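The data block below is upload-v4.txt; it holds compact mmCIF, C-alpha atoms.
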# COMPACT_ATOMS: atom_id res chain seq x y z
CA MET Z 144 0.00 0.00 0.00
CA ALA Z 145 1.28 3.45 -0.84
CA ALA Z 146 1.73 6.02 1.94
CA PRO Z 147 -1.81 7.48 2.24
CA LYS Z 148 -0.78 10.90 3.52
CA LEU Z 149 1.71 11.41 0.70
CA MET Z 150 -0.74 10.28 -1.99
CA ASP Z 151 -3.09 13.06 -0.95
CA SER Z 152 -0.42 15.75 -1.34
CA THR Z 153 -0.75 18.52 -3.91
CA CYS Z 154 3.02 18.10 -4.49
CA SER Z 155 3.82 15.59 -7.22
CA ILE Z 156 7.22 14.84 -5.67
CA ALA Z 157 5.44 13.75 -2.50
CA ARG Z 158 2.92 11.63 -4.45
CA SER Z 159 5.71 9.98 -6.45
CA LEU Z 160 7.47 9.14 -3.19
CA GLY Z 161 4.21 7.76 -1.82
CA VAL Z 162 4.49 5.04 -4.46
CA LEU Z 163 8.26 4.91 -4.99
CA GLY Z 164 9.79 6.11 -1.74
CA GLU Z 165 9.62 2.93 0.33
CA ARG Z 166 12.91 1.26 1.03
CA TRP Z 167 13.76 -1.21 -1.79
CA THR Z 168 11.35 0.16 -4.38
CA PHE Z 169 13.96 1.96 -6.50
CA LEU Z 170 16.18 -1.11 -6.42
CA ILE Z 171 13.25 -3.30 -7.50
CA LEU Z 172 12.72 -0.85 -10.37
CA ARG Z 173 16.43 -0.97 -11.22
CA GLU Z 174 16.11 -4.72 -11.63
CA ALA Z 175 12.85 -4.47 -13.58
CA LEU Z 176 14.48 -2.01 -15.98
CA THR Z 177 17.25 -4.51 -16.67
CA GLY Z 178 14.72 -7.19 -17.54
CA THR Z 179 13.96 -8.99 -14.29
CA THR Z 180 10.34 -10.22 -14.22
CA ARG Z 181 10.14 -13.05 -11.69
CA PHE Z 182 9.63 -12.93 -7.96
CA ALA Z 183 12.50 -15.33 -7.25
CA GLN Z 184 14.89 -13.28 -9.40
CA PHE Z 185 14.05 -10.05 -7.57
CA ARG Z 186 14.37 -11.84 -4.22
CA ASP Z 187 17.71 -13.47 -5.01
CA VAL Z 188 19.43 -10.49 -6.64
CA LEU Z 189 18.33 -8.01 -3.98
CA GLY Z 190 18.38 -10.28 -0.93
CA ILE Z 191 15.03 -8.81 0.10
CA ALA Z 192 12.60 -10.49 2.52
CA PRO Z 193 9.74 -12.14 0.58
CA ASP Z 194 6.98 -10.36 2.51
CA VAL Z 195 8.56 -6.96 1.84
CA LEU Z 196 9.05 -7.81 -1.83
CA THR Z 197 5.40 -8.88 -2.12
CA ALA Z 198 4.25 -5.63 -0.53
CA ARG Z 199 6.41 -3.46 -2.81
CA LEU Z 200 5.41 -5.31 -5.99
CA THR Z 201 1.74 -5.04 -5.01
CA THR Z 202 2.01 -1.26 -4.60
CA LEU Z 203 3.76 -0.94 -7.97
CA VAL Z 204 1.02 -3.01 -9.65
CA GLU Z 205 -1.70 -1.02 -7.88
CA TYR Z 206 -0.33 2.28 -9.20
CA GLY Z 207 0.27 1.11 -12.74
CA VAL Z 208 4.07 0.85 -12.69
CA LEU Z 209 4.10 -2.92 -13.18
CA THR Z 210 1.59 -5.45 -14.48
CA ARG Z 211 1.23 -8.87 -12.86
CA GLU Z 212 0.70 -11.68 -15.36
CA PRO Z 213 0.57 -15.41 -14.75
CA TYR Z 214 3.01 -17.73 -16.46
CA GLN Z 215 3.63 -21.43 -16.14
CA GLU Z 216 6.68 -23.51 -16.93
CA PRO Z 217 6.28 -27.21 -17.76
CA GLY Z 218 6.12 -29.26 -14.59
CA SER Z 219 5.81 -26.19 -12.33
CA ARG Z 220 2.85 -24.52 -10.70
CA PRO Z 221 1.56 -21.24 -12.19
CA ARG Z 222 3.50 -18.19 -11.04
CA ASP Z 223 3.27 -14.43 -11.55
CA ALA Z 224 5.58 -12.39 -13.76
CA TYR Z 225 5.98 -8.63 -13.36
CA HIS Z 226 6.39 -6.42 -16.41
CA LEU Z 227 6.95 -2.67 -16.58
CA THR Z 228 4.16 -0.55 -18.03
CA ASP Z 229 4.92 2.52 -20.14
CA ALA Z 230 4.64 4.57 -16.94
CA GLY Z 231 7.13 2.24 -15.30
CA ARG Z 232 9.61 2.52 -18.15
CA GLU Z 233 9.43 6.31 -17.81
CA LEU Z 234 11.07 5.93 -14.41
CA ASP Z 235 14.32 5.09 -16.17
CA VAL Z 236 15.23 8.77 -16.27
CA VAL Z 237 14.65 9.08 -12.51
CA LEU Z 238 17.03 6.18 -11.89
CA GLY Z 239 19.43 7.63 -14.46
CA ALA Z 240 19.48 10.91 -12.51
CA LEU Z 241 20.15 9.07 -9.23
CA GLN Z 242 22.89 7.03 -10.87
CA GLN Z 243 24.58 10.09 -12.33
CA TRP Z 244 24.52 11.88 -8.99
CA GLY Z 245 25.93 8.85 -7.16
CA ASP Z 246 28.67 8.33 -9.74
CA ARG Z 247 29.71 11.94 -9.33
CA HIS Z 248 29.29 12.57 -5.63
CA LEU Z 249 29.57 9.11 -4.05
CA PRO Z 250 32.19 7.59 -6.38
CA ARG Z 251 34.06 4.34 -5.83
CA ALA Z 252 37.64 3.62 -6.81
CA GLU Z 253 36.69 1.20 -9.60
CA GLY Z 254 34.57 3.86 -11.33
CA PRO Z 255 31.00 3.69 -12.67
CA THR Z 256 29.62 0.19 -13.19
CA VAL Z 257 26.97 1.25 -15.70
CA GLU Z 258 26.93 3.89 -18.41
CA ARG Z 259 24.16 4.99 -20.74
CA ARG Z 260 24.75 5.35 -24.44
CA THR Z 261 22.64 5.77 -27.57
CA ARG Z 262 21.53 2.52 -29.15
CA THR Z 263 21.90 3.85 -32.67
CA ASP Z 264 25.44 5.26 -32.59
CA ASP Z 265 26.88 4.55 -29.14
CA ARG Z 266 27.24 8.14 -27.93
CA PRO Z 267 27.30 8.75 -24.14
CA VAL Z 268 24.16 10.36 -22.68
CA HIS Z 269 23.40 12.06 -19.40
CA VAL Z 270 20.28 13.33 -17.64
CA GLY Z 271 19.57 17.04 -17.80
CA TYR Z 272 17.06 19.80 -18.40
CA VAL Z 273 15.75 20.19 -21.94
CA ASP Z 274 13.64 22.90 -23.56
CA GLY Z 275 10.70 22.39 -25.91
CA SER Z 276 12.93 22.29 -28.97
CA GLY Z 277 15.15 19.54 -27.54
CA HIS Z 278 18.13 21.63 -26.49
CA GLU Z 279 19.82 21.23 -23.13
CA VAL Z 280 19.25 24.02 -20.62
CA ASP Z 281 21.89 24.77 -17.99
CA PRO Z 282 20.55 24.03 -14.48
CA SER Z 283 21.46 27.57 -13.42
CA ASP Z 284 18.93 28.84 -15.99
CA VAL Z 285 16.06 26.71 -14.60
CA VAL Z 286 13.59 28.21 -12.14
CA ALA Z 287 10.67 26.41 -10.48
CA HIS Z 288 7.50 28.54 -10.46
CA ARG Z 289 4.38 27.94 -8.41
CA THR Z 290 1.28 27.71 -10.57
CA ALA Z 291 -2.24 28.92 -9.72
CA ALA Z 292 -2.90 25.36 -8.46
CA TYR Z 293 -0.29 25.77 -5.69
CA PRO Z 294 -2.10 25.57 -2.33
CA ALA Z 295 -2.56 28.81 -0.42
CA GLY Z 296 -1.13 29.25 3.07
CA MET H 150 23.62 7.82 9.43
CA ALA H 151 23.39 6.53 5.88
CA ALA H 152 22.41 2.89 5.31
CA PRO H 153 25.80 1.11 5.66
CA LYS H 154 24.99 -1.83 3.40
CA LEU H 155 23.87 0.45 0.58
CA MET H 156 26.89 2.75 0.89
CA ASP H 157 29.13 -0.22 0.21
CA SER H 158 27.34 -1.13 -3.02
CA THR H 159 29.09 -0.98 -6.38
CA CYS H 160 25.79 0.39 -7.77
CA SER H 161 25.61 4.18 -7.65
CA ILE H 162 21.80 4.09 -7.49
CA ALA H 163 22.06 2.06 -4.29
CA ARG H 164 24.69 4.42 -2.83
CA SER H 165 22.59 7.46 -3.68
CA LEU H 166 19.64 5.85 -1.93
CA GLY H 167 21.86 5.09 1.05
CA VAL H 168 22.09 8.84 1.58
CA LEU H 169 18.82 10.00 0.01
CA GLY H 170 16.44 7.07 0.32
CA GLU H 171 15.27 7.48 3.89
CA ARG H 172 11.70 8.60 4.33
CA TRP H 173 11.52 12.44 4.38
CA THR H 174 14.92 13.09 2.80
CA PHE H 175 13.65 14.03 -0.66
CA LEU H 176 11.03 16.31 0.89
CA ILE H 177 13.70 17.97 3.03
CA LEU H 178 15.68 18.50 -0.18
CA ARG H 179 12.59 19.88 -1.92
CA GLU H 180 12.36 22.51 0.82
CA ALA H 181 16.10 23.24 0.77
CA LEU H 182 15.93 23.79 -3.00
CA THR H 183 13.20 26.39 -2.49
CA GLY H 184 15.36 28.30 -0.01
CA THR H 185 14.54 26.82 3.39
CA THR H 186 17.58 26.89 5.67
CA ARG H 187 16.34 26.74 9.26
CA PHE H 188 15.47 23.73 11.38
CA ALA H 189 12.16 25.23 12.54
CA GLN H 190 11.13 25.98 8.94
CA PHE H 191 11.80 22.42 7.79
CA ARG H 192 9.97 21.07 10.85
CA ASP H 193 6.92 23.30 10.44
CA VAL H 194 6.48 22.98 6.67
CA LEU H 195 6.95 19.20 6.64
CA GLY H 196 5.37 18.34 9.99
CA ILE H 197 8.32 16.01 10.66
CA ALA H 198 9.35 14.82 14.12
CA PRO H 199 12.37 16.81 15.38
CA ASP H 200 14.50 13.74 16.10
CA VAL H 201 13.90 12.38 12.59
CA LEU H 202 14.66 15.78 11.05
CA THR H 203 17.91 16.01 13.04
CA ALA H 204 18.95 12.55 11.87
CA ARG H 205 18.20 13.29 8.20
CA LEU H 206 19.96 16.68 8.24
CA THR H 207 22.99 15.11 9.91
CA THR H 208 23.28 12.48 7.17
CA LEU H 209 22.97 15.13 4.46
CA VAL H 210 25.71 17.21 6.13
CA GLU H 211 27.90 14.13 6.58
CA TYR H 212 27.74 13.30 2.86
CA GLY H 213 28.28 16.82 1.61
CA VAL H 214 24.74 17.62 0.43
CA LEU H 215 24.21 20.37 3.02
CA THR H 216 26.52 22.50 5.13
CA ARG H 217 25.66 23.37 8.73
CA GLU H 218 26.55 26.94 9.67
CA PRO H 219 25.78 28.79 12.87
CA TYR H 220 23.76 31.99 12.80
CA GLN H 221 22.40 34.20 15.56
CA GLU H 222 19.56 36.67 15.58
CA PRO H 223 19.56 39.55 18.07
CA GLY H 224 18.15 38.41 21.40
CA SER H 225 18.17 34.72 20.42
CA ARG H 226 20.58 31.89 21.13
CA PRO H 227 22.88 30.71 18.32
CA ARG H 228 21.24 28.28 15.91
CA ASP H 229 22.31 26.25 12.88
CA ALA H 230 21.38 27.04 9.29
CA TYR H 231 21.54 24.44 6.53
CA HIS H 232 22.68 25.43 3.05
CA LEU H 233 22.91 23.30 -0.07
CA THR H 234 26.37 22.56 -1.42
CA ASP H 235 27.00 22.36 -5.17
CA ALA H 236 26.45 18.60 -4.89
CA GLY H 237 23.14 19.27 -3.15
CA ARG H 238 21.99 21.69 -5.81
CA GLU H 239 22.70 19.02 -8.43
CA LEU H 240 19.88 16.98 -6.89
CA ASP H 241 17.41 19.43 -8.40
CA VAL H 242 17.28 17.36 -11.57
CA VAL H 243 16.48 14.20 -9.56
CA LEU H 244 13.57 15.99 -7.90
CA GLY H 245 12.58 17.46 -11.28
CA ALA H 246 12.40 13.93 -12.71
CA LEU H 247 10.27 12.71 -9.79
CA GLN H 248 7.99 15.73 -10.14
CA GLN H 249 7.54 15.23 -13.87
CA TRP H 250 6.69 11.55 -13.38
CA GLY H 251 4.18 12.33 -10.62
CA ASP H 252 2.53 15.11 -12.63
CA ARG H 253 2.09 12.73 -15.50
CA HIS H 254 1.23 9.45 -13.82
CA LEU H 255 -0.23 10.48 -10.47
CA PRO H 256 -2.04 13.67 -11.53
CA ARG H 257 -4.54 15.64 -9.47
CA ALA H 258 -7.58 17.47 -10.76
CA GLU H 259 -6.13 20.93 -10.11
CA GLY H 260 -3.08 20.19 -12.26
CA PRO H 261 0.64 20.66 -11.54
CA THR H 262 1.46 23.01 -8.68
CA VAL H 263 5.00 23.76 -9.87
CA GLU H 264 6.51 24.15 -13.31
CA ARG H 265 10.10 24.72 -14.38
CA ARG H 266 10.98 27.41 -16.88
CA THR H 267 14.12 29.15 -18.13
CA ARG H 268 15.13 32.17 -16.11
CA THR H 269 16.31 34.08 -19.17
CA ASP H 270 13.31 33.75 -21.49
CA ASP H 271 10.60 31.86 -19.60
CA ARG H 272 10.49 28.73 -21.79
CA PRO H 273 9.15 25.50 -20.23
CA VAL H 274 11.76 22.82 -19.51
CA HIS H 275 11.55 19.13 -18.75
CA VAL H 276 14.00 16.44 -17.61
CA GLY H 277 15.36 14.10 -20.25
CA TYR H 278 18.38 12.37 -21.74
CA VAL H 279 20.93 14.58 -23.46
CA ASP H 280 23.95 13.72 -25.61
CA GLY H 281 27.40 15.29 -25.42
CA SER H 282 26.46 18.07 -27.84
CA GLY H 283 23.43 19.11 -25.79
CA HIS H 284 20.69 17.54 -27.90
CA GLU H 285 17.85 15.56 -26.40
CA VAL H 286 17.95 11.79 -26.94
CA ASP H 287 14.72 9.81 -27.04
CA PRO H 288 14.52 7.37 -24.09
CA SER H 289 13.93 4.51 -26.54
CA ASP H 290 17.42 5.21 -27.95
CA VAL H 291 19.14 4.98 -24.54
CA VAL H 292 20.76 1.73 -23.44
CA ALA H 293 22.51 1.06 -20.11
CA HIS H 294 25.77 -0.85 -20.56
CA ARG H 295 27.76 -2.59 -17.84
CA THR H 296 31.34 -1.36 -17.70
CA ALA H 297 34.44 -3.40 -16.85
CA ALA H 298 33.94 -2.25 -13.23
CA TYR H 299 30.62 -4.13 -12.99
CA PRO H 300 30.99 -6.87 -10.36
CA ALA H 301 31.32 -10.43 -11.61
CA GLY H 302 28.79 -13.06 -10.59
Could you show the structure in this file as structure tokens?
Amino acid sequence: MAAPKLMDSTCSIARSLGVLGERWTFLILREALTGTTRFAQFRDVLGIAPDVLTARLTTLVEYGVLTREPYQEPGSRPRDAYHLTDAGRELDVVLGALQQWGDRHLPRAEGPTVERRTRTDDRPVHVGYVDGSGHEVDPSDVVAHRTAAYPAG
Amino acid sequence: MAAPKLMDSTCSIARSLGVLGERWTFLILREALTGTTRFAQFRDVLGIAPDVLTARLTTLVEYGVLTREPYQEPGSRPRDAYHLTDAGRELDVVLGALQQWGDRHLPRAEGPTVERRTRTDDRPVHVGYVDGSGHEVDPSDVVAHRTAAYPAG
């Protein structure tokens, strides 16, 4: 279950964290984005307690980040597989931003373990601010404005 | 204190979450990025328990996201103010990515409460992938590659 108080917030950062901010959830998403679909895979790679994993996956299904679909291998009982939705795949840029920050500010001696490149011509990419015509905007030129929907008080 | 097991991870997402992944931390950063510097302001805006706020601020200072500096107002005892470092300000794009995802996938009827625009000419900006020459890259063209530093096994 997502954090009820956060889900009611007018702030979309708070609502996102209501679904994504529980311990383990970003690491579950990291695995899902690299192709993990099965409960046992998530459990074994992350070393997460099964009841916690079940709770986190259920929240992600409930809020449309993952779908739960049954599958069955010959000679085994039916099991559930978890696949990212389009909304779930859009979280890649959030994880990319976290990764970039960690590589820069919490580095390790062996260097980054993952880097992002273009599929078509293998150029390195980073996460940044972009304007409507697809050009990068320097962070120092970005200002957050409150809209008319911002709560009073 | 940051989560020790995560801080030891070769994955920079996990390390980032070791510092940033505790409940409340992203919301404390949201406030810091809008100019909040004082303990009482963080406490009152977020409604967070003082002991939890102290613990989160201490971790952020310890890992170089905030600095703690004393200040004193006339007639008051000395207090601490918390200011973002350059590393802390770089988290704006992480929060921007979370905000964008929440506005899109967890919307509310009144619409977004905050939008990001260029300071110089008031154009809307979003968070995305960018190549080395400052051009946006479509997420479908971005692939994460393991480097030689990726742990075996």
- [ ] Find the residues in chain H near chain Z: any atom within 6 Å counts, using all atoms listed in the file. Write them as a PyMOL selection string.
- [x] chain H and resi 161-162+165+243+246-248+251-252+259+262-268+274-280+283-285+290-296+298-299
Open item on the list: Would you pick out the contacts of Z:Ala224 at 8 Å or less, using all atoms listed in the file, so that residues sharing its chain but fewer than 2 positions from it are not included, and give the list as a PyMOL selection string?
Closed with: chain Z and resi 180-182+211-214+222+226
Task: Top pick for closest residue to H:Thr203, considering H:Asp229, H:Asp235, H:Pro223, H:Lys154 and counting all atoms listed in the file - done: H:Asp229
Fit chain H to chain Z, using all C-alpha atoms paired in sequence order for the least-squares superposition, and then show me the result as a compact mmCIF listing (two decimals) with C-alpha atoms, keeping the file's coordinate frame.
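Dumped everything to out-v7.txt:
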# COMPACT_ATOMS: atom_id res chain seq x y z
CA MET H 150 0.03 0.03 0.02
CA ALA H 151 1.31 3.48 -0.85
CA ALA H 152 1.76 6.03 1.95
CA PRO H 153 -1.78 7.49 2.25
CA LYS H 154 -0.75 10.91 3.54
CA LEU H 155 1.72 11.40 0.70
CA MET H 156 -0.74 10.26 -1.98
CA ASP H 157 -3.07 13.05 -0.93
CA SER H 158 -0.41 15.74 -1.33
CA THR H 159 -0.75 18.50 -3.91
CA CYS H 160 3.01 18.10 -4.49
CA SER H 161 3.82 15.59 -7.22
CA ILE H 162 7.22 14.84 -5.67
CA ALA H 163 5.45 13.75 -2.50
CA ARG H 164 2.93 11.63 -4.45
CA SER H 165 5.71 9.98 -6.44
CA LEU H 166 7.47 9.14 -3.20
CA GLY H 167 4.22 7.77 -1.82
CA VAL H 168 4.49 5.05 -4.45
CA LEU H 169 8.26 4.92 -4.98
CA GLY H 170 9.79 6.10 -1.73
CA GLU H 171 9.62 2.93 0.33
CA ARG H 172 12.92 1.26 1.03
CA TRP H 173 13.76 -1.23 -1.78
CA THR H 174 11.35 0.17 -4.38
CA PHE H 175 13.95 1.96 -6.50
CA LEU H 176 16.18 -1.11 -6.42
CA ILE H 177 13.26 -3.30 -7.49
CA LEU H 178 12.72 -0.85 -10.36
CA ARG H 179 16.43 -0.96 -11.21
CA GLU H 180 16.11 -4.73 -11.63
CA ALA H 181 12.84 -4.48 -13.58
CA LEU H 182 14.48 -2.00 -15.98
CA THR H 183 17.25 -4.51 -16.67
CA GLY H 184 14.71 -7.20 -17.56
CA THR H 185 13.95 -8.99 -14.30
CA THR H 186 10.35 -10.21 -14.23
CA ARG H 187 10.14 -13.06 -11.71
CA PHE H 188 9.62 -12.92 -7.97
CA ALA H 189 12.49 -15.33 -7.26
CA GLN H 190 14.88 -13.27 -9.40
CA PHE H 191 14.05 -10.04 -7.58
CA ARG H 192 14.36 -11.83 -4.23
CA ASP H 193 17.69 -13.47 -5.02
CA VAL H 194 19.42 -10.50 -6.66
CA LEU H 195 18.32 -8.01 -3.99
CA GLY H 196 18.38 -10.29 -0.94
CA ILE H 197 15.02 -8.80 0.10
CA ALA H 198 12.60 -10.48 2.50
CA PRO H 199 9.74 -12.15 0.57
CA ASP H 200 6.98 -10.38 2.50
CA VAL H 201 8.57 -6.97 1.84
CA LEU H 202 9.05 -7.81 -1.84
CA THR H 203 5.40 -8.88 -2.13
CA ALA H 204 4.25 -5.63 -0.53
CA ARG H 205 6.42 -3.46 -2.80
CA LEU H 206 5.40 -5.30 -5.99
CA THR H 207 1.74 -5.03 -5.00
CA THR H 208 2.01 -1.26 -4.61
CA LEU H 209 3.76 -0.93 -7.97
CA VAL H 210 1.02 -3.01 -9.64
CA GLU H 211 -1.70 -1.02 -7.87
CA TYR H 212 -0.34 2.29 -9.20
CA GLY H 213 0.26 1.11 -12.74
CA VAL H 214 4.07 0.87 -12.68
CA LEU H 215 4.10 -2.92 -13.16
CA THR H 216 1.60 -5.44 -14.48
CA ARG H 217 1.22 -8.86 -12.87
CA GLU H 218 0.71 -11.66 -15.38
CA PRO H 219 0.57 -15.38 -14.76
CA TYR H 220 3.02 -17.71 -16.48
CA GLN H 221 3.65 -21.43 -16.16
CA GLU H 222 6.68 -23.51 -16.97
CA PRO H 223 6.28 -27.20 -17.80
CA GLY H 224 6.14 -29.25 -14.61
CA SER H 225 5.82 -26.19 -12.36
CA ARG H 226 2.85 -24.51 -10.72
CA PRO H 227 1.57 -21.23 -12.20
CA ARG H 228 3.51 -18.17 -11.07
CA ASP H 229 3.28 -14.41 -11.57
CA ALA H 230 5.59 -12.36 -13.77
CA TYR H 231 5.98 -8.61 -13.36
CA HIS H 232 6.40 -6.40 -16.41
CA LEU H 233 6.94 -2.66 -16.58
CA THR H 234 4.15 -0.55 -18.02
CA ASP H 235 4.91 2.52 -20.13
CA ALA H 236 4.63 4.58 -16.94
CA GLY H 237 7.14 2.25 -15.29
CA ARG H 238 9.60 2.53 -18.14
CA GLU H 239 9.43 6.32 -17.80
CA LEU H 240 11.07 5.93 -14.39
CA ASP H 241 14.32 5.09 -16.15
CA VAL H 242 15.23 8.77 -16.26
CA VAL H 243 14.65 9.09 -12.49
CA LEU H 244 17.02 6.19 -11.88
CA GLY H 245 19.43 7.64 -14.46
CA ALA H 246 19.48 10.91 -12.50
CA LEU H 247 20.14 9.09 -9.21
CA GLN H 248 22.89 7.05 -10.85
CA GLN H 249 24.58 10.10 -12.33
CA TRP H 250 24.51 11.89 -8.97
CA GLY H 251 25.94 8.86 -7.14
CA ASP H 252 28.68 8.34 -9.73
CA ARG H 253 29.70 11.93 -9.33
CA HIS H 254 29.28 12.57 -5.62
CA LEU H 255 29.57 9.12 -4.05
CA PRO H 256 32.19 7.59 -6.37
CA ARG H 257 34.07 4.35 -5.82
CA ALA H 258 37.65 3.63 -6.79
CA GLU H 259 36.71 1.22 -9.59
CA GLY H 260 34.58 3.86 -11.31
CA PRO H 261 31.00 3.68 -12.64
CA THR H 262 29.63 0.19 -13.17
CA VAL H 263 26.97 1.25 -15.68
CA GLU H 264 26.92 3.88 -18.39
CA ARG H 265 24.14 4.97 -20.72
CA ARG H 266 24.73 5.33 -24.43
CA THR H 267 22.64 5.74 -27.57
CA ARG H 268 21.52 2.49 -29.13
CA THR H 269 21.90 3.82 -32.67
CA ASP H 270 25.43 5.24 -32.58
CA ASP H 271 26.88 4.51 -29.13
CA ARG H 272 27.22 8.12 -27.91
CA PRO H 273 27.29 8.73 -24.13
CA VAL H 274 24.16 10.34 -22.67
CA HIS H 275 23.41 12.05 -19.39
CA VAL H 276 20.27 13.32 -17.64
CA GLY H 277 19.57 17.04 -17.80
CA TYR H 278 17.05 19.79 -18.41
CA VAL H 279 15.75 20.16 -21.95
CA ASP H 280 13.63 22.87 -23.57
CA GLY H 281 10.69 22.36 -25.92
CA SER H 282 12.93 22.27 -28.99
CA GLY H 283 15.14 19.52 -27.55
CA HIS H 284 18.13 21.61 -26.50
CA GLU H 285 19.82 21.22 -23.15
CA VAL H 286 19.24 24.01 -20.63
CA ASP H 287 21.87 24.76 -18.01
CA PRO H 288 20.54 24.03 -14.49
CA SER H 289 21.46 27.57 -13.44
CA ASP H 290 18.91 28.82 -16.01
CA VAL H 291 16.05 26.70 -14.62
CA VAL H 292 13.59 28.20 -12.16
CA ALA H 293 10.65 26.42 -10.49
CA HIS H 294 7.49 28.55 -10.48
CA ARG H 295 4.37 27.94 -8.42
CA THR H 296 1.27 27.71 -10.59
CA ALA H 297 -2.24 28.90 -9.72
CA ALA H 298 -2.90 25.35 -8.44
CA TYR H 299 -0.30 25.76 -5.67
CA PRO H 300 -2.09 25.56 -2.31
CA ALA H 301 -2.57 28.81 -0.42
CA GLY H 302 -1.11 29.24 3.05
Might I get the box with edges along x, y and z of the file that holds all atoms of stretch 171-177 of chain Z listed there, padded by 3 Å on every side, given as centre and edge lengths in Å to one decimal, as AutoDock Vina command-line options?
--center_x 15.0 --center_y -2.8 --center_z -12.1 --size_x 10.5 --size_y 9.9 --size_z 15.2
Start from the incomplete input, build N, CA and C atoms for stretch 206-218 of chain Z, and deliver everything as a compact mmCIF listing (two decimals), keeping the file's coordinate frame.
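Final output, saved to result_36.txt:
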# COMPACT_ATOMS: atom_id res chain seq x y z
N TYR Z 206 -0.46 0.94 -8.63
CA TYR Z 206 -0.33 2.28 -9.20
C TYR Z 206 0.15 2.27 -10.65
N GLY Z 207 0.05 1.13 -11.30
CA GLY Z 207 0.27 1.11 -12.74
C GLY Z 207 1.71 1.21 -13.19
N VAL Z 208 2.65 0.86 -12.31
CA VAL Z 208 4.07 0.85 -12.69
C VAL Z 208 4.46 -0.50 -13.27
N LEU Z 209 3.89 -1.55 -12.70
CA LEU Z 209 4.10 -2.92 -13.18
C LEU Z 209 2.75 -3.56 -13.48
N THR Z 210 2.75 -4.56 -14.35
CA THR Z 210 1.59 -5.45 -14.48
C THR Z 210 1.99 -6.81 -13.92
N ARG Z 211 1.00 -7.51 -13.38
CA ARG Z 211 1.23 -8.87 -12.86
C ARG Z 211 0.53 -9.83 -13.81
N GLU Z 212 1.28 -10.74 -14.40
CA GLU Z 212 0.70 -11.68 -15.36
C GLU Z 212 1.14 -13.10 -15.04
N PRO Z 213 0.19 -14.03 -15.07
CA PRO Z 213 0.57 -15.41 -14.75
C PRO Z 213 1.40 -16.05 -15.87
N TYR Z 214 2.30 -16.90 -15.48
CA TYR Z 214 3.01 -17.73 -16.46
C TYR Z 214 3.20 -19.10 -15.83
N GLN Z 215 3.45 -20.08 -16.67
CA GLN Z 215 3.63 -21.43 -16.14
C GLN Z 215 4.70 -22.15 -16.95
N GLU Z 216 5.68 -22.69 -16.25
CA GLU Z 216 6.68 -23.51 -16.93
C GLU Z 216 6.28 -24.97 -16.81
N PRO Z 217 6.66 -25.79 -17.80
CA PRO Z 217 6.28 -27.21 -17.76
C PRO Z 217 6.72 -27.86 -16.46
N GLY Z 218 5.80 -28.56 -15.82
CA GLY Z 218 6.12 -29.26 -14.59
C GLY Z 218 6.13 -28.39 -13.35
